[in-house]
>>> print(open('target_10.txt').read())   # compact mmCIF, C-alpha atoms and all ligand atoms
# COMPACT_ATOMS: atom_id res chain seq x y z
CA MET L 26 -19.98 -24.70 -27.81
CA GLU L 27 -18.77 -24.38 -24.22
CA GLU L 28 -19.56 -21.04 -22.63
CA ILE L 29 -16.58 -19.20 -21.16
CA ILE L 30 -17.49 -17.67 -17.82
CA MET L 31 -15.26 -14.79 -16.78
CA GLU L 32 -13.93 -14.92 -13.21
CA HIS L 33 -15.48 -11.67 -12.04
CA ALA L 34 -18.54 -11.49 -14.33
CA GLY L 35 -21.50 -9.85 -12.60
CA LYS L 36 -19.43 -8.25 -9.84
CA HIS L 37 -19.11 -4.55 -9.20
CA ALA L 38 -15.57 -3.40 -8.35
CA LEU L 39 -14.42 0.01 -7.18
CA VAL L 40 -10.87 1.27 -7.68
CA THR L 41 -9.99 4.66 -6.24
CA GLY L 42 -7.25 6.46 -8.14
CA GLY L 43 -8.19 4.22 -11.07
CA GLY L 44 -7.31 6.83 -13.68
CA THR L 45 -3.54 6.31 -13.45
CA GLY L 46 -0.70 3.97 -12.48
CA ILE L 47 -1.30 1.07 -10.13
CA GLY L 48 -5.05 1.71 -9.88
CA ALA L 49 -5.54 1.84 -13.66
CA GLY L 50 -3.67 -1.46 -14.04
CA ILE L 51 -5.92 -3.21 -11.52
CA ALA L 52 -9.11 -1.63 -12.89
CA ILE L 53 -8.39 -2.71 -16.48
CA ALA L 54 -7.54 -6.27 -15.38
CA LEU L 55 -10.76 -6.52 -13.35
CA ALA L 56 -12.80 -5.29 -16.32
CA GLU L 57 -11.05 -7.84 -18.56
CA ALA L 58 -12.07 -10.48 -16.01
CA GLY L 59 -15.71 -9.47 -16.41
CA ALA L 60 -16.34 -7.04 -13.53
CA GLU L 61 -18.13 -3.74 -13.92
CA VAL L 62 -15.49 -1.39 -12.54
CA THR L 63 -16.05 2.09 -11.13
CA ILE L 64 -12.84 4.08 -11.34
CA THR L 65 -12.54 7.26 -9.31
CA GLY L 66 -10.24 10.26 -9.04
CA ARG L 67 -10.21 14.05 -9.27
CA ARG L 68 -8.84 14.42 -12.81
CA THR L 69 -11.73 13.51 -15.08
CA GLU L 70 -9.55 13.51 -18.21
CA LYS L 71 -7.36 10.73 -16.75
CA LEU L 72 -10.43 8.72 -15.81
CA ALA L 73 -11.88 9.17 -19.31
CA GLU L 74 -8.68 7.89 -20.94
CA VAL L 75 -8.86 4.66 -18.93
CA ALA L 76 -12.63 4.30 -19.24
CA ALA L 77 -12.26 4.44 -23.04
CA LYS L 78 -10.46 1.07 -22.90
CA SER L 79 -13.56 -0.96 -22.02
CA PRO L 80 -17.33 -0.50 -21.76
CA ARG L 81 -17.04 -2.15 -18.33
CA LEU L 82 -14.92 0.74 -16.96
CA HIS L 83 -17.01 3.59 -15.50
CA ALA L 84 -15.49 6.95 -14.58
CA LEU L 85 -16.63 8.73 -11.43
CA GLU L 86 -15.18 12.02 -10.22
CA MET L 87 -14.57 11.56 -6.49
CA ASP L 88 -12.18 13.16 -4.02
CA VAL L 89 -11.21 10.72 -1.25
CA ALA L 90 -10.31 13.66 0.96
CA ASN L 91 -13.92 14.86 0.92
CA GLU L 92 -16.45 12.84 2.95
CA ALA L 93 -19.56 13.88 1.01
CA SER L 94 -17.83 13.19 -2.30
CA VAL L 95 -16.94 9.63 -1.20
CA ARG L 96 -20.26 8.76 0.43
CA ASP L 97 -22.42 10.22 -2.36
CA GLY L 98 -20.16 8.95 -5.15
CA ILE L 99 -20.03 5.37 -3.90
CA ALA L 100 -23.75 5.26 -3.09
CA GLU L 101 -24.52 6.49 -6.61
CA ALA L 102 -22.19 3.92 -8.22
CA ALA L 103 -23.79 1.12 -6.18
CA LYS L 104 -27.27 2.28 -7.18
CA THR L 105 -26.29 1.89 -10.82
CA ARG L 106 -24.04 -1.19 -10.70
CA GLY L 107 -24.86 -2.99 -7.45
CA PRO L 108 -23.05 -3.76 -4.19
CA ILE L 109 -19.30 -3.32 -4.24
CA GLN L 110 -17.82 -6.80 -3.91
CA ILE L 111 -14.29 -5.76 -4.76
CA CYS L 112 -12.94 -2.54 -3.31
CA VAL L 113 -9.41 -1.35 -4.02
CA ALA L 114 -8.51 1.71 -1.95
CA ASN L 115 -5.55 2.81 -4.01
CA ALA L 116 -5.73 6.63 -4.14
CA GLY L 117 -2.78 8.19 -2.37
CA ILE L 118 -0.18 10.90 -2.39
CA ALA L 119 3.53 10.71 -1.62
CA GLU L 120 5.19 13.86 -0.36
CA GLY L 121 8.69 13.53 1.04
CA LYS L 122 9.94 15.97 3.66
CA PRO L 123 12.24 15.53 6.64
CA PHE L 124 10.49 15.35 9.99
CA ALA L 125 11.67 18.75 11.26
CA LYS L 126 10.37 20.47 8.13
CA THR L 127 7.00 18.66 8.05
CA THR L 128 4.30 21.16 8.95
CA LEU L 129 1.01 20.16 10.53
CA ALA L 130 -0.64 21.05 7.21
CA ASP L 131 1.73 18.65 5.34
CA TRP L 132 1.02 15.94 7.89
CA GLN L 133 -2.73 16.40 7.69
CA ARG L 134 -2.78 16.52 3.87
CA THR L 135 -1.10 13.11 3.74
CA MET L 136 -3.25 11.62 6.48
CA THR L 137 -6.48 12.97 4.99
CA THR L 138 -5.81 11.35 1.63
CA ASN L 139 -3.87 8.20 2.54
CA LEU L 140 -5.66 7.23 5.76
CA ASP L 141 -9.00 9.04 6.09
CA GLY L 142 -9.59 8.39 2.37
CA VAL L 143 -9.24 4.63 2.92
CA PHE L 144 -11.49 4.72 6.00
CA LEU L 145 -14.20 6.57 4.06
CA THR L 146 -13.86 4.40 0.96
CA PHE L 147 -14.05 1.13 2.89
CA GLN L 148 -16.95 2.28 5.05
CA ALA L 149 -19.00 3.60 2.13
CA ALA L 150 -18.26 0.52 0.00
CA MET L 151 -19.15 -1.90 2.79
CA ALA L 152 -22.41 -0.03 3.40
CA THR L 153 -23.52 -1.19 -0.07
CA LEU L 154 -23.21 -4.89 0.92
CA GLY L 155 -25.99 -7.12 2.21
CA PRO L 156 -25.38 -9.03 5.48
CA ASP L 157 -24.10 -12.20 3.75
CA ASP L 158 -22.42 -10.66 0.72
CA PRO L 159 -18.80 -11.69 0.18
CA ALA L 160 -16.28 -8.96 -0.57
CA ARG L 161 -12.56 -8.36 -1.06
CA MET L 162 -11.27 -5.17 0.51
CA ILE L 163 -7.75 -4.26 -0.61
CA VAL L 164 -5.65 -1.26 0.28
CA ILE L 165 -2.53 -0.21 -1.58
CA SER L 166 -0.10 0.46 1.26
CA SER L 167 3.64 0.44 0.53
CA ILE L 168 6.89 -1.05 1.77
CA ALA L 169 6.71 2.16 3.85
CA GLY L 170 3.78 0.43 5.57
CA VAL L 171 6.05 -2.26 6.98
CA ARG L 172 9.32 -0.39 7.46
CA GLY L 173 10.42 3.20 7.92
CA LEU L 174 11.11 5.39 4.90
CA LYS L 175 13.80 8.03 5.38
CA GLY L 176 12.53 11.55 4.78
CA GLY L 177 8.84 10.69 4.64
CA PRO L 178 7.48 10.43 8.18
CA ALA L 179 3.89 11.35 7.28
CA TYR L 180 3.82 8.94 4.33
CA THR L 181 5.36 6.15 6.43
CA ALA L 182 2.88 6.73 9.26
CA SER L 183 -0.10 6.81 6.87
CA LYS L 184 0.94 3.59 5.14
CA HIS L 185 1.51 1.82 8.49
CA ALA L 186 -1.89 3.06 9.67
CA VAL L 187 -3.83 1.44 6.83
CA ILE L 188 -2.27 -1.89 7.75
CA GLY L 189 -3.57 -1.38 11.28
CA LEU L 190 -6.97 -0.70 9.73
CA ILE L 191 -7.13 -3.94 7.71
CA ARG L 192 -5.90 -5.96 10.69
CA GLY L 193 -8.58 -4.48 12.95
CA LEU L 194 -11.31 -4.95 10.34
CA SER L 195 -10.31 -8.55 9.68
CA GLU L 196 -10.89 -9.31 13.37
CA GLU L 197 -14.20 -7.43 13.46
CA TYR L 198 -15.54 -9.15 10.30
CA MET L 199 -13.95 -12.58 10.85
CA LYS L 200 -17.30 -14.39 10.73
CA THR L 201 -18.26 -12.89 7.38
CA SER L 202 -17.01 -13.60 3.86
CA ILE L 203 -15.22 -10.26 3.64
CA THR L 204 -11.42 -10.23 3.58
CA PHE L 205 -9.09 -7.28 4.17
CA ASN L 206 -5.56 -7.23 2.77
CA ALA L 207 -2.80 -4.78 1.93
CA ILE L 208 -0.49 -4.72 -1.06
CA CYS L 209 2.86 -3.21 -0.16
CA PRO L 210 4.88 -2.35 -3.25
CA GLY L 211 8.37 -0.99 -3.41
CA TYR L 212 9.08 1.63 -6.09
CA VAL L 213 6.78 1.17 -9.09
CA ASP L 214 7.20 2.92 -12.42
CA THR L 215 4.24 5.36 -12.16
CA ASP L 216 3.74 9.12 -11.96
CA ILE L 217 4.50 9.17 -8.21
CA VAL L 218 8.02 7.95 -9.01
CA ARG L 219 8.44 9.70 -12.39
CA ASN L 220 7.58 13.07 -10.80
CA GLN L 221 10.63 12.73 -8.54
CA ILE L 222 13.07 12.35 -11.44
CA PRO L 223 13.71 16.05 -12.32
CA GLY L 224 14.47 16.86 -8.67
CA LEU L 225 16.82 13.88 -8.33
CA MET L 226 18.63 14.74 -11.59
CA LYS L 227 19.36 18.17 -10.16
CA ARG L 228 20.26 16.95 -6.68
CA PHE L 229 22.69 14.25 -7.85
CA ASP L 230 23.79 16.06 -11.03
CA THR L 231 22.86 13.02 -13.09
CA ASP L 232 20.78 12.05 -16.13
CA GLU L 233 17.37 10.38 -16.17
CA ALA L 234 18.84 6.87 -16.10
CA GLY L 235 20.96 7.85 -13.08
CA ALA L 236 17.93 9.23 -11.26
CA ILE L 237 15.91 6.07 -12.01
CA ALA L 238 18.79 3.91 -10.77
CA ALA L 239 18.90 5.94 -7.54
CA ILE L 240 15.19 5.31 -6.95
CA ALA L 241 15.44 1.65 -7.93
CA LYS L 242 18.05 1.13 -5.20
CA GLY L 243 15.12 1.29 -2.78
CA ASN L 244 13.89 -2.04 -4.17
CA ARG L 245 15.72 -5.16 -3.06
CA ASN L 246 16.20 -6.26 -6.68
CA GLN L 247 17.44 -2.79 -7.63
CA ARG L 248 14.95 -2.26 -10.46
CA LEU L 249 11.72 -0.33 -10.69
CA LEU L 250 8.63 -2.55 -10.47
CA GLU L 251 6.24 -2.63 -13.42
CA VAL L 252 2.53 -1.98 -12.92
CA ASP L 253 1.62 -5.52 -14.04
CA GLU L 254 3.36 -6.84 -10.91
CA THR L 255 0.99 -4.99 -8.57
CA THR L 256 -1.95 -5.89 -10.83
CA SER L 257 -1.15 -9.60 -10.50
CA ALA L 258 -1.06 -9.40 -6.70
CA ALA L 259 -4.45 -7.67 -6.62
CA MET L 260 -5.99 -10.18 -9.04
CA TRP L 261 -4.75 -13.03 -6.87
CA LEU L 262 -6.27 -11.45 -3.75
CA CYS L 263 -9.58 -11.12 -5.64
CA SER L 264 -9.52 -14.74 -6.83
CA ASP L 265 -11.70 -17.42 -5.29
CA GLY L 266 -8.60 -19.32 -4.15
CA ALA L 267 -7.56 -16.39 -1.95
CA ARG L 268 -10.78 -16.46 0.09
CA SER L 269 -8.91 -17.39 3.30
CA ILE L 270 -6.13 -14.85 2.81
CA ASN L 271 -7.05 -12.21 5.36
CA ALA L 272 -5.20 -9.44 7.23
CA GLN L 273 -2.05 -10.00 5.17
CA THR L 274 0.54 -7.66 3.74
CA VAL L 275 1.69 -8.74 0.29
CA GLN L 276 5.12 -7.21 -0.07
CA ILE L 277 6.46 -6.70 -3.59
CA SER L 278 10.01 -5.46 -3.60
CA GLY L 279 12.12 -8.17 -5.20
CA GLY L 280 13.23 -9.50 -1.83
CA GLN L 281 12.73 -9.37 1.89
CA VAL L 282 11.69 -5.85 2.86
P1 LIG U 301 -0.30 7.80 -9.26
O1 LIG U 301 0.12 9.16 -8.90
O2 LIG U 301 -0.38 7.42 -10.67
O3 LIG U 301 -1.70 7.46 -8.57
C1 LIG U 301 -2.25 8.11 -7.50
C2 LIG U 301 -3.75 8.15 -7.75
O4 LIG U 301 -4.42 8.62 -6.58
C3 LIG U 301 -4.10 9.10 -8.89
O5 LIG U 301 -4.94 8.42 -9.81
C4 LIG U 301 -4.83 10.22 -8.21
O6 LIG U 301 -5.88 10.72 -9.03
C5 LIG U 301 -5.39 9.54 -6.97
N1 LIG U 301 -5.61 10.48 -5.89
C6 LIG U 301 -4.70 11.17 -5.17
N2 LIG U 301 -5.31 11.97 -4.29
C7 LIG U 301 -6.65 11.79 -4.47
C8 LIG U 301 -7.80 12.34 -3.88
N3 LIG U 301 -7.74 13.28 -2.92
N4 LIG U 301 -9.01 11.89 -4.29
C9 LIG U 301 -9.10 10.96 -5.25
N5 LIG U 301 -8.06 10.41 -5.86
C10 LIG U 301 -6.85 10.83 -5.48
O7 LIG U 301 0.72 6.81 -8.51
P2 LIG U 301 0.60 5.28 -8.15
O8 LIG U 301 -0.27 4.56 -9.08
O9 LIG U 301 1.98 4.81 -7.96
O10 LIG U 301 -0.06 5.33 -6.69
C11 LIG U 301 -1.17 4.56 -6.30
C12 LIG U 301 -1.01 4.13 -4.85
O11 LIG U 301 0.12 3.28 -4.74
C13 LIG U 301 -0.78 5.27 -3.86
O12 LIG U 301 -1.54 5.06 -2.70
C14 LIG U 301 0.71 5.17 -3.54
O13 LIG U 301 1.02 5.66 -2.27
C15 LIG U 301 0.90 3.67 -3.63
N6 LIG U 301 2.27 3.25 -3.84
C16 LIG U 301 2.96 3.63 -4.94
C17 LIG U 301 4.27 3.24 -5.10
C18 LIG U 301 5.09 3.65 -6.28
O14 LIG U 301 6.32 3.50 -6.22
N7 LIG U 301 4.54 4.10 -7.37
C19 LIG U 301 4.93 2.39 -4.10
C20 LIG U 301 4.10 2.03 -2.98
C21 LIG U 301 2.81 2.43 -2.88
P3 LIG U 301 -6.23 12.30 -9.12
O15 LIG U 301 -4.97 13.05 -8.91
O16 LIG U 301 -6.81 12.45 -10.47
O17 LIG U 301 -7.25 12.51 -8.04
>>> encode(input="target_10.txt", output="structure tokens")
Amino acid sequence: MEEIIMEHAGKHALVTGGGTGIGAGIAIALAEAGAEVTITGRRTEKLAEVAAKSPRLHALEMDVANEASVRDGIAEAAKTRGPIQICVANAGIAEGKPFAKTTLADWQRTMTTNLDGVFLTFQAAMATLGPDDPARMIVISSIAGVRGLKGGPAYTASKHAVIGLIRGLSEEYMKTSITFNAICPGYVDTDIVRNQIPGLMKRFDTDEAGAIAAIAKGNRNQRLLEVDETTSAAMWLCSDGARSINAQTVQISGGQV
């Protein structure tokens, strides 16, 4: 009988924020494709729920806003499961506030998680690689990484900044087999979006469907994206055929952003 070899068998993948939403979708798909996947986050119960879906999913409590947590956590995961050949820096927060009301503390909270967290994750993950090891480094940016988002200056700046990071790294590592890309989704049906619904219902005096429709207007096709759409983009970037895709922003918003 012919042996079926899974696409990512034998690889170690890391997905930050892998206990929920976009990260969980990518982590599960990578595990289904044969990778051993370390999923990280602060809420261990969320990680455990996802890890229960496959013996190839491994929960690791790790706060991307804490340097020691990232460096120690990733080093430990690599000691157990090997060099990280697929790294998805997905953990992020989205806090909307107009510019004039954004305090330095608000600004720094967003930057620490959405930008410093990616820097630390990438650096620690790449430190596990040998000189000739191939790797796919992916960051989950946003459409707010390629255009301005009204009422979210810190979020917009942080998501633009990670695109600057992958572009710089792609130049620095051009002669290696490591690629750096960003996925830039519009509004996806996850907790980040769902958590906004009660506030929008109040603000616009509408029901849940009305609030969802208001959010979906931010996508060119006027509907919320499903998690499988971001998963597919990540799986393509991890595929062998995408080995020359480097320093790109994959925009998913139903149309031109
Ligand atoms: P979720 O809220 O479900 O996911 C965010 C994840 O990030 C959670 O698993 C959370 O885990 C983790 N996280 C946040 N802060 C930290 C931290 N300090 N340390 C470790 N983990 C952390 O929403 P999404 O899945 O939608 O978000 C994932 C990414 O996608 C984010 O970067 C977001 O900006 C981006 N994005 C989302 C869009 C959307 O419409 N949903 C659109 C564009 C981009 P825990 O709280 O347990 O630590």
>>> residues_near_ligand(input="target_10.txt", ligand="ligand LIG 301 (chain U)", cutoff="7 Å", atoms="only C-alpha atoms and all ligand atoms", output="JSON, numbers by chain")
{"L": [41, 42, 43, 44, 45, 46, 47, 48, 65, 66, 67, 68, 69, 71, 87, 88, 89, 90, 115, 116, 117, 118, 119, 138, 139, 165, 166, 167, 168, 209, 210, 211, 212, 213, 214, 215, 216, 217, 218]}
>>> residues_around(input="target_10.txt", residues="Ile99 of chain L", least_positions_apart="5", cutoff="9 Å", atoms="all atoms listed in the file", output="PyMOL selection string")
chain L and resi 39+63+85+87+94+104+109+146+149-150+153
>>> closest_residue(input="target_10.txt", among="L:Ala241, L:Ala160, L:Leu154, L:Ala272", to="Glu196 of chain L", atoms="all atoms listed in the file")
L:Ala272
>>> atom_distance(input="target_10.txt", atom1="atom CA of Pro156 of chain L", atom2="atom CA of Met31 of chain L")
25.1 Å
>>> closest_residue(input="target_10.txt", among="L:Ala58, L:Ala114, L:Ala152, L:Ala125", to="Gly176 of chain L", atoms="all atoms listed in the file")
L:Ala125
>>> residues_around(input="target_10.txt", residues="Arg268 of chain L", least_positions_apart="3", cutoff="10 Å", atoms="only C-alpha atoms", output="ChimeraX atom specification")
/L:159-161,202-204,261-265,271
>>> write_last_selection(input="target_10.txt", atoms="C-alpha atoms", output="PDB file, in the coordinates of the input")
ATOM      1  CA  PRO L 159     -18.800 -11.690   0.180  1.00  0.00           C
ATOM      2  CA  ALA L 160     -16.280  -8.960  -0.570  1.00  0.00           C
ATOM      3  CA  ARG L 161     -12.560  -8.360  -1.060  1.00  0.00           C
ATOM      4  CA  SER L 202     -17.010 -13.600   3.860  1.00  0.00           C
ATOM      5  CA  ILE L 203     -15.220 -10.260   3.640  1.00  0.00           C
ATOM      6  CA  THR L 204     -11.420 -10.230   3.580  1.00  0.00           C
ATOM      7  CA  TRP L 261      -4.750 -13.030  -6.870  1.00  0.00           C
ATOM      8  CA  LEU L 262      -6.270 -11.450  -3.750  1.00  0.00           C
ATOM      9  CA  CYS L 263      -9.580 -11.120  -5.640  1.00  0.00           C
ATOM     10  CA  SER L 264      -9.520 -14.740  -6.830  1.00  0.00           C
ATOM     11  CA  ASP L 265     -11.700 -17.420  -5.290  1.00  0.00           C
ATOM     12  CA  ASN L 271      -7.050 -12.210   5.360  1.00  0.00           C
TER      13      ASN L 271
END
>>> atom_distance(input="target_10.txt", atom1="atom CA of Ile29 of chain L", atom2="atom CA of Pro80 of chain L")
18.7 Å
>>> closest_residue(input="target_10.txt", among="L:Asp157, L:Glu233, L:Glu57, L:Glu28", to="Tyr198 of chain L", atoms="all atoms listed in the file")
L:Asp157
>>> closest_residue(input="target_10.txt", among="L:Arg81, L:Lys227, L:Lys175, L:Arg106", to="Pro123 of chain L", atoms="all atoms listed in the file")
L:Lys175
>>> atom_distance(input="target_10.txt", atom1="atom CA of Glu92 of chain L", atom2="atom CA of Ala207 of chain L")
22.3 Å
>>> closest_residue(input="target_10.txt", among="L:Val75, L:Leu249, L:Glu120, L:His185", to="Gly50 of chain L", atoms="only C-alpha atoms")
L:Val75
>>> decode(input="target_10.txt", residues="segment 56-92 of chain L", atoms="C-alpha atoms", output="compact mmCIF listing (two decimals), in the first residue's frame")
# COMPACT_ATOMS: atom_id res chain seq x y z
CA ALA L 56 -1.37 19.67 13.09
CA GLU L 57 -3.71 17.99 10.59
CA ALA L 58 -0.93 18.41 8.02
CA GLY L 59 1.46 16.51 10.27
CA ALA L 60 3.36 19.24 12.16
CA GLU L 61 3.98 19.18 15.88
CA VAL L 62 2.45 22.51 16.86
CA THR L 63 3.21 24.54 19.97
CA ILE L 64 0.31 26.85 20.73
CA THR L 65 0.85 29.71 23.15
CA GLY L 66 -1.21 32.25 25.05
CA ARG L 67 -1.96 33.47 28.57
CA ARG L 68 -5.28 31.67 29.13
CA THR L 69 -4.33 28.05 29.74
CA GLU L 70 -7.95 26.86 29.60
CA LYS L 71 -8.30 28.14 26.01
CA LEU L 72 -5.04 26.45 25.03
CA ALA L 73 -6.17 23.18 26.64
CA GLU L 74 -9.45 23.21 24.67
CA VAL L 75 -7.55 23.46 21.37
CA ALA L 76 -4.80 21.05 22.41
CA ALA L 77 -7.47 18.42 23.15
CA LYS L 78 -8.25 18.27 19.42
CA SER L 79 -5.00 16.52 18.45
CA PRO L 80 -2.02 14.85 20.12
CA ARG L 81 0.15 17.00 17.83
CA LEU L 82 -1.07 20.25 19.49
CA HIS L 83 1.00 21.26 22.53
CA ALA L 84 -0.11 24.01 24.91
CA LEU L 85 2.44 26.43 26.33
CA GLU L 86 1.57 29.32 28.61
CA MET L 87 3.50 32.31 27.25
CA ASP L 88 2.95 36.07 27.40
CA VAL L 89 4.31 37.79 24.29
CA ALA L 90 4.54 41.04 26.24
CA ASN L 91 7.10 39.49 28.59
CA GLU L 92 10.61 38.92 27.22
